[in-house]
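So the structure is just underneath, and the comments pick up after that.
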Amino acid sequence: MPDMIQDPPVLIQGGMGVAVSNWRLARAVSQLGHLGVVSGVAIDAVLVRRLQLGDDGGHMRRALAAFPVPGVGEQIIEKYYVPGGKHGQRLVQMSMKRDKPSRQTEDLGVAAAFAEVFLAKEGHDGLVGVNHLEKVQATTLPMLYGAMLAGVDYVTMGAGIPKTIPAVLDKFAAGQPAELRIDVKGATPEDNFRSRFDPVEMMRGELRPLARPQFLGIVSSHVLATMLATKIEVLVDGFIVEAPTAGGHNAPPRGKLRLDEAGEPIYGERDVPDLDVIRDLGLPFWLAGGRAEPEQIQEALDLGAAGVQVGTAFAYCDESGFEADIKRRVIDLSRQSQAQVFTDPVASPSGFPFKVVTLEGTLSQENVYENRRRICELGYLRSAYRRSDGKMGWRCAAEPVELYVGKGGDEKDTVGRKCLCSALMANVGLPQVQREGDLEPTLVTSGDDVAEVARFVPPGADSFTAADVVRYLLPEG
Ligand SMILES: Cc1cc2nc3c(=O)[nH]c(=O)nc-3n(C[C@H](O)[C@H](O)[C@H](O)COP(=O)(O)O)c2cc1C
């Protein structure tokens with residue numbers, strides 16, 4: 001049985017991938033007495049690139065030295081760390097074989113998640129969570145285990161239906177192996193495509209007791225909340241109820257997709273969750289999406305919520321992982337009332353609508369998109385399909401069109417798709433150098449709240465900190 005939630009935090013800093021919610025941001029928010037969340041999405045690739053770029057400050061190496069299985073951290077450092085950093089050269093890629101990973105690939109996933117949570121928790125006893133996307137299935141198990149090894153307090157997960165994750169957390173806390181069903185397009189009822197992770201193998205037989213984190217499902221509808229609270233094997237511990245104004249991926253509107261004149265999905269009455277139903281489920285819930293005002297927090301509390309989750313405001317603070325230049329330019333645009341987002345129905349290979357900030361020089365601009373040669377080098381947002389030989393294959397709608405079509409994909413699905421994996425890495429200062437020598441371009445996501453994000457900048461300053469955001473949101477502490 002999961003532990004009872006004790007004093008749930010009022011404020012959750014949203015999990016923002018890739019590494020926008022990094023250990024520095026989560027640590028800062030956690031030390032302020034709230035729930036700081038690190039992004040677990042692609043955290044193995046983040047670690048590999050940070051090491052190749054010289055591991056400024058030695059934080060990755062310090063965290064890896066604390067990894068409990070002897071030799072694992074050292075091997076990763078030996079393989080990827082480049083003293084002084086490789087600059088302007090192509091970075092070594094890690095294996096994209098993730099559903100049946102080698103021992104080394106699995107070790108890397110576990111150690112990377114461990115390191116991010118370890119650093120976020122270092123030197124204080126505040127709460128830290130980790131965020132994953134349900135759609136990114138192949139890497140989830142090792143990364144959840146790594147986060148638990150570092151004592152993660154909460155796991156949050158959306159972009160899909162995370163119905164088996166609470167049971168996985170129970171199993172890992174008990175030192176038992178767990179499996180995760182992988183959604184495979186074209187799978188037959190006889191197929192059984194799963195990823196599997198065994199803590200005993202990972203720990204080389206030296207299991208240690210692990211606390212079971214709380215699990216919060218990120219939902220946009222009361223129907224899904226009801227299912228996760230009443231109809232699955234191990235129930236969730238609470239919810240984050242996210243509106244389509246939130247940054248990152250959004251749930252698609254219910255029913256047939258309709259676009260407005262600008263080409264954005266139209267949301268209507270049916271997309272508004274019934275909070276009475278959610279409240280009556282009796283579990284704590286937080287409201288997310290455009291909730292970064294003291295009055296909106298009060299309104300959430302009055303509606304029975306435990307608090308709010310805020311993303312965009314924290315994405316532009318000094319501690320966030322976004323490149324300094326992105327933060328400065330977007331804060332400037334907001335000051336001039338010119339910061340805008342477009343909810344792109346096709347950009348993300350995941351098929352979910354994805355919010356994109358309109359910003360010169362990024363993939364939000366047609367010419368930058370057209371100039372990038374399609375290539376899939378990270379592969380987190382690939383989807384699995386059943387090959388003609390009955391085995392599982394992987395394809396991404398943003399990979400070269402002929403490859404995608406050759407794997408049975410529909411050419412229509414490739415139109416306007418953007419390589420989020422490469423762009424989101426570039427956003428946080430970890431761009432790959434393309435074979436032609438240019439850096440991978442960026443593509444910035446944010447919620448509608450980006451329009452007003454300059455409000456957090458204190459008078460006379462150019463930037464703001466996580467503490468400025470928290471002071472603004474909760475002026476009475
Ligand atoms: C830059 C950015 C990246 C995000 N990435 C993720 C993500 O990887 N997973 C997730 O569950 N939510 C993600 N979100 C959503 C936030 O966690 C949060 O729920 C949302 O931002 C709240 O709405 P707000 O942006 O209006 O404050 C992201 C948001 C932003 C701004």
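By convention here, the chains of the structure tokens are called A, B, ... in the order presented, each chain's residues are numbered starting at 1, and ligands are numbered starting at 1 in the order presented.
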For this session: Using only C-alpha atoms and all ligand atoms, determine which residues fall within 9 Å of ligand 1, then list them as a PyMOL selection string.
Result: chain A and resi 12-21+37+39-41+131-134+156-159+218+240-250+287-292+308-316+322+355+424+444-450
Problem set entry | segment 26-33 of chain A environment, 10 Å, only C-alpha atoms, sequence neighbours closer than 2 positions dropped, as number ranges by chain | A: 9-15, 20-24, 35-39, 116-130, 314, 319-320, 465-467, 469-471, 477
For this session: Enumerate the residues of segment 110-223 of chain A with a DSSP assignment of alpha helix (DSSP H), computed from the backbone, and present them as a PyMOL selection string.
Result: chain A and resi 110-121+140-149+165-173+199-202+222-223
Requested write-out: N, CA, C and O atoms of the selected residues, as a CSV table (one decimal), in the first residue's frame:
```csv
chain,number,residue,atom,x,y,z
A,110,VAL,N,19.3,4.3,-15.5
A,110,VAL,CA,19.1,4.3,-14.0
A,110,VAL,C,20.0,5.4,-13.4
A,110,VAL,O,19.6,6.2,-12.5
A,111,ALA,N,21.3,5.4,-13.8
A,111,ALA,CA,22.2,6.3,-13.2
A,111,ALA,C,21.9,7.8,-13.5
A,111,ALA,O,22.1,8.7,-12.7
A,112,ALA,N,21.4,8.0,-14.7
A,112,ALA,CA,21.1,9.4,-15.1
A,112,ALA,C,19.9,9.9,-14.3
A,112,ALA,O,20.0,11.1,-13.8
A,113,ALA,N,18.9,9.1,-14.1
A,113,ALA,CA,17.7,9.6,-13.3
A,113,ALA,C,18.2,9.7,-11.8
A,113,ALA,O,17.8,10.7,-11.1
A,114,PHE,N,19.0,8.8,-11.4
A,114,PHE,CA,19.5,8.9,-10.0
A,114,PHE,C,20.3,10.2,-9.8
A,114,PHE,O,20.0,11.0,-8.9
A,115,ALA,N,21.1,10.6,-10.8
A,115,ALA,CA,22.0,11.7,-10.6
A,115,ALA,C,21.1,13.0,-10.5
A,115,ALA,O,21.4,13.9,-9.7
A,116,GLU,N,20.1,13.1,-11.4
A,116,GLU,CA,19.3,14.3,-11.4
A,116,GLU,C,18.5,14.5,-10.1
A,116,GLU,O,18.5,15.6,-9.6
A,117,VAL,N,18.0,13.4,-9.6
A,117,VAL,CA,17.2,13.5,-8.3
A,117,VAL,C,18.2,13.7,-7.2
A,117,VAL,O,17.9,14.5,-6.3
A,118,PHE,N,19.3,13.0,-7.2
A,118,PHE,CA,20.3,13.1,-6.1
A,118,PHE,C,20.7,14.6,-6.0
A,118,PHE,O,20.8,15.2,-4.9
A,119,LEU,N,21.0,15.3,-7.1
A,119,LEU,CA,21.5,16.7,-7.0
A,119,LEU,C,20.3,17.6,-6.6
A,119,LEU,O,20.5,18.5,-5.8
A,120,ALA,N,19.1,17.3,-7.0
A,120,ALA,CA,18.0,18.1,-6.6
A,120,ALA,C,17.7,18.0,-5.1
A,120,ALA,O,17.2,19.0,-4.5
A,121,LYS,N,18.1,16.9,-4.5
A,121,LYS,CA,17.8,16.7,-3.1
A,121,LYS,C,19.0,16.9,-2.2
A,121,LYS,O,18.9,16.9,-1.0
A,140,THR,N,11.1,4.2,-19.5
A,140,THR,CA,10.4,4.6,-18.2
A,140,THR,C,10.9,3.7,-17.0
A,140,THR,O,11.2,4.3,-16.0
A,141,LEU,N,10.9,2.4,-17.2
A,141,LEU,CA,11.2,1.6,-16.0
A,141,LEU,C,12.6,1.9,-15.4
A,141,LEU,O,12.7,2.1,-14.2
A,142,PRO,N,13.7,1.8,-16.2
A,142,PRO,CA,15.0,2.1,-15.5
A,142,PRO,C,15.0,3.5,-14.9
A,142,PRO,O,15.6,3.7,-13.8
A,143,MET,N,14.4,4.4,-15.6
A,143,MET,CA,14.5,5.8,-15.0
A,143,MET,C,13.7,6.0,-13.8
A,143,MET,O,14.1,6.7,-12.8
A,144,LEU,N,12.5,5.3,-13.7
A,144,LEU,CA,11.8,5.4,-12.4
A,144,LEU,C,12.6,4.7,-11.3
A,144,LEU,O,12.6,5.3,-10.2
A,145,TYR,N,13.2,3.6,-11.6
A,145,TYR,CA,14.0,2.9,-10.6
A,145,TYR,C,15.2,3.8,-10.1
A,145,TYR,O,15.5,4.0,-8.9
A,146,GLY,N,15.8,4.5,-11.1
A,146,GLY,CA,17.0,5.4,-10.7
A,146,GLY,C,16.5,6.5,-9.8
A,146,GLY,O,17.2,6.9,-8.8
A,147,ALA,N,15.4,7.1,-10.1
A,147,ALA,CA,14.8,8.2,-9.3
A,147,ALA,C,14.5,7.7,-7.9
A,147,ALA,O,14.8,8.4,-6.9
A,148,MET,N,14.0,6.5,-7.8
A,148,MET,CA,13.6,5.9,-6.5
A,148,MET,C,14.9,5.6,-5.7
A,148,MET,O,14.9,5.8,-4.5
A,149,LEU,N,16.0,5.2,-6.4
A,149,LEU,CA,17.2,4.9,-5.7
A,149,LEU,C,17.7,6.2,-5.0
A,149,LEU,O,18.4,6.2,-4.0
A,165,ILE,N,1.5,2.4,-13.8
A,165,ILE,CA,2.7,3.0,-13.1
A,165,ILE,C,2.6,2.9,-11.6
A,165,ILE,O,3.6,2.5,-10.9
A,166,PRO,N,1.4,3.1,-11.0
A,166,PRO,CA,1.4,3.0,-9.5
A,166,PRO,C,1.8,1.5,-9.1
A,166,PRO,O,2.5,1.4,-8.1
A,167,ALA,N,1.4,0.5,-9.9
A,167,ALA,CA,1.7,-0.9,-9.5
A,167,ALA,C,3.2,-1.1,-9.7
A,167,ALA,O,3.9,-1.8,-8.9
A,168,VAL,N,3.8,-0.4,-10.7
A,168,VAL,CA,5.3,-0.6,-10.9
A,168,VAL,C,6.0,0.0,-9.7
A,168,VAL,O,7.0,-0.6,-9.2
A,169,LEU,N,5.5,1.1,-9.2
A,169,LEU,CA,6.2,1.8,-8.0
A,169,LEU,C,6.1,0.9,-6.8
A,169,LEU,O,7.1,0.7,-6.1
A,170,ASP,N,5.0,0.2,-6.6
A,170,ASP,CA,4.9,-0.7,-5.5
A,170,ASP,C,5.9,-1.9,-5.7
A,170,ASP,O,6.6,-2.3,-4.7
A,171,LYS,N,6.0,-2.4,-6.9
A,171,LYS,CA,6.9,-3.5,-7.1
A,171,LYS,C,8.4,-3.1,-6.9
A,171,LYS,O,9.1,-3.8,-6.2
A,172,PHE,N,8.7,-2.0,-7.4
A,172,PHE,CA,10.1,-1.5,-7.2
A,172,PHE,C,10.4,-1.3,-5.7
A,172,PHE,O,11.5,-1.6,-5.3
A,173,ALA,N,9.5,-0.7,-5.0
A,173,ALA,CA,9.7,-0.5,-3.6
A,173,ALA,C,9.9,-1.9,-2.9
A,173,ALA,O,10.7,-1.9,-1.9
A,199,PRO,N,15.1,-5.1,-10.5
A,199,PRO,CA,15.9,-4.4,-9.6
A,199,PRO,C,17.1,-5.3,-9.1
A,199,PRO,O,18.2,-4.8,-8.8
A,200,VAL,N,16.9,-6.6,-8.9
A,200,VAL,CA,17.9,-7.5,-8.4
A,200,VAL,C,19.1,-7.5,-9.4
A,200,VAL,O,20.3,-7.4,-9.0
A,201,GLU,N,18.8,-7.6,-10.7
A,201,GLU,CA,19.8,-7.6,-11.7
A,201,GLU,C,20.6,-6.3,-11.7
A,201,GLU,O,21.8,-6.2,-11.8
A,202,MET,N,19.8,-5.2,-11.6
A,202,MET,CA,20.4,-3.9,-11.7
A,202,MET,C,21.3,-3.7,-10.5
A,202,MET,O,22.4,-3.1,-10.6
A,222,HIS,N,-12.3,14.6,-16.2
A,222,HIS,CA,-12.7,13.8,-15.0
A,222,HIS,C,-12.9,12.4,-15.3
A,222,HIS,O,-12.9,11.5,-14.4
A,223,VAL,N,-13.2,12.0,-16.6
A,223,VAL,CA,-13.4,10.6,-17.0
A,223,VAL,C,-12.1,9.8,-16.7
A,223,VAL,O,-12.1,8.8,-16.1
```
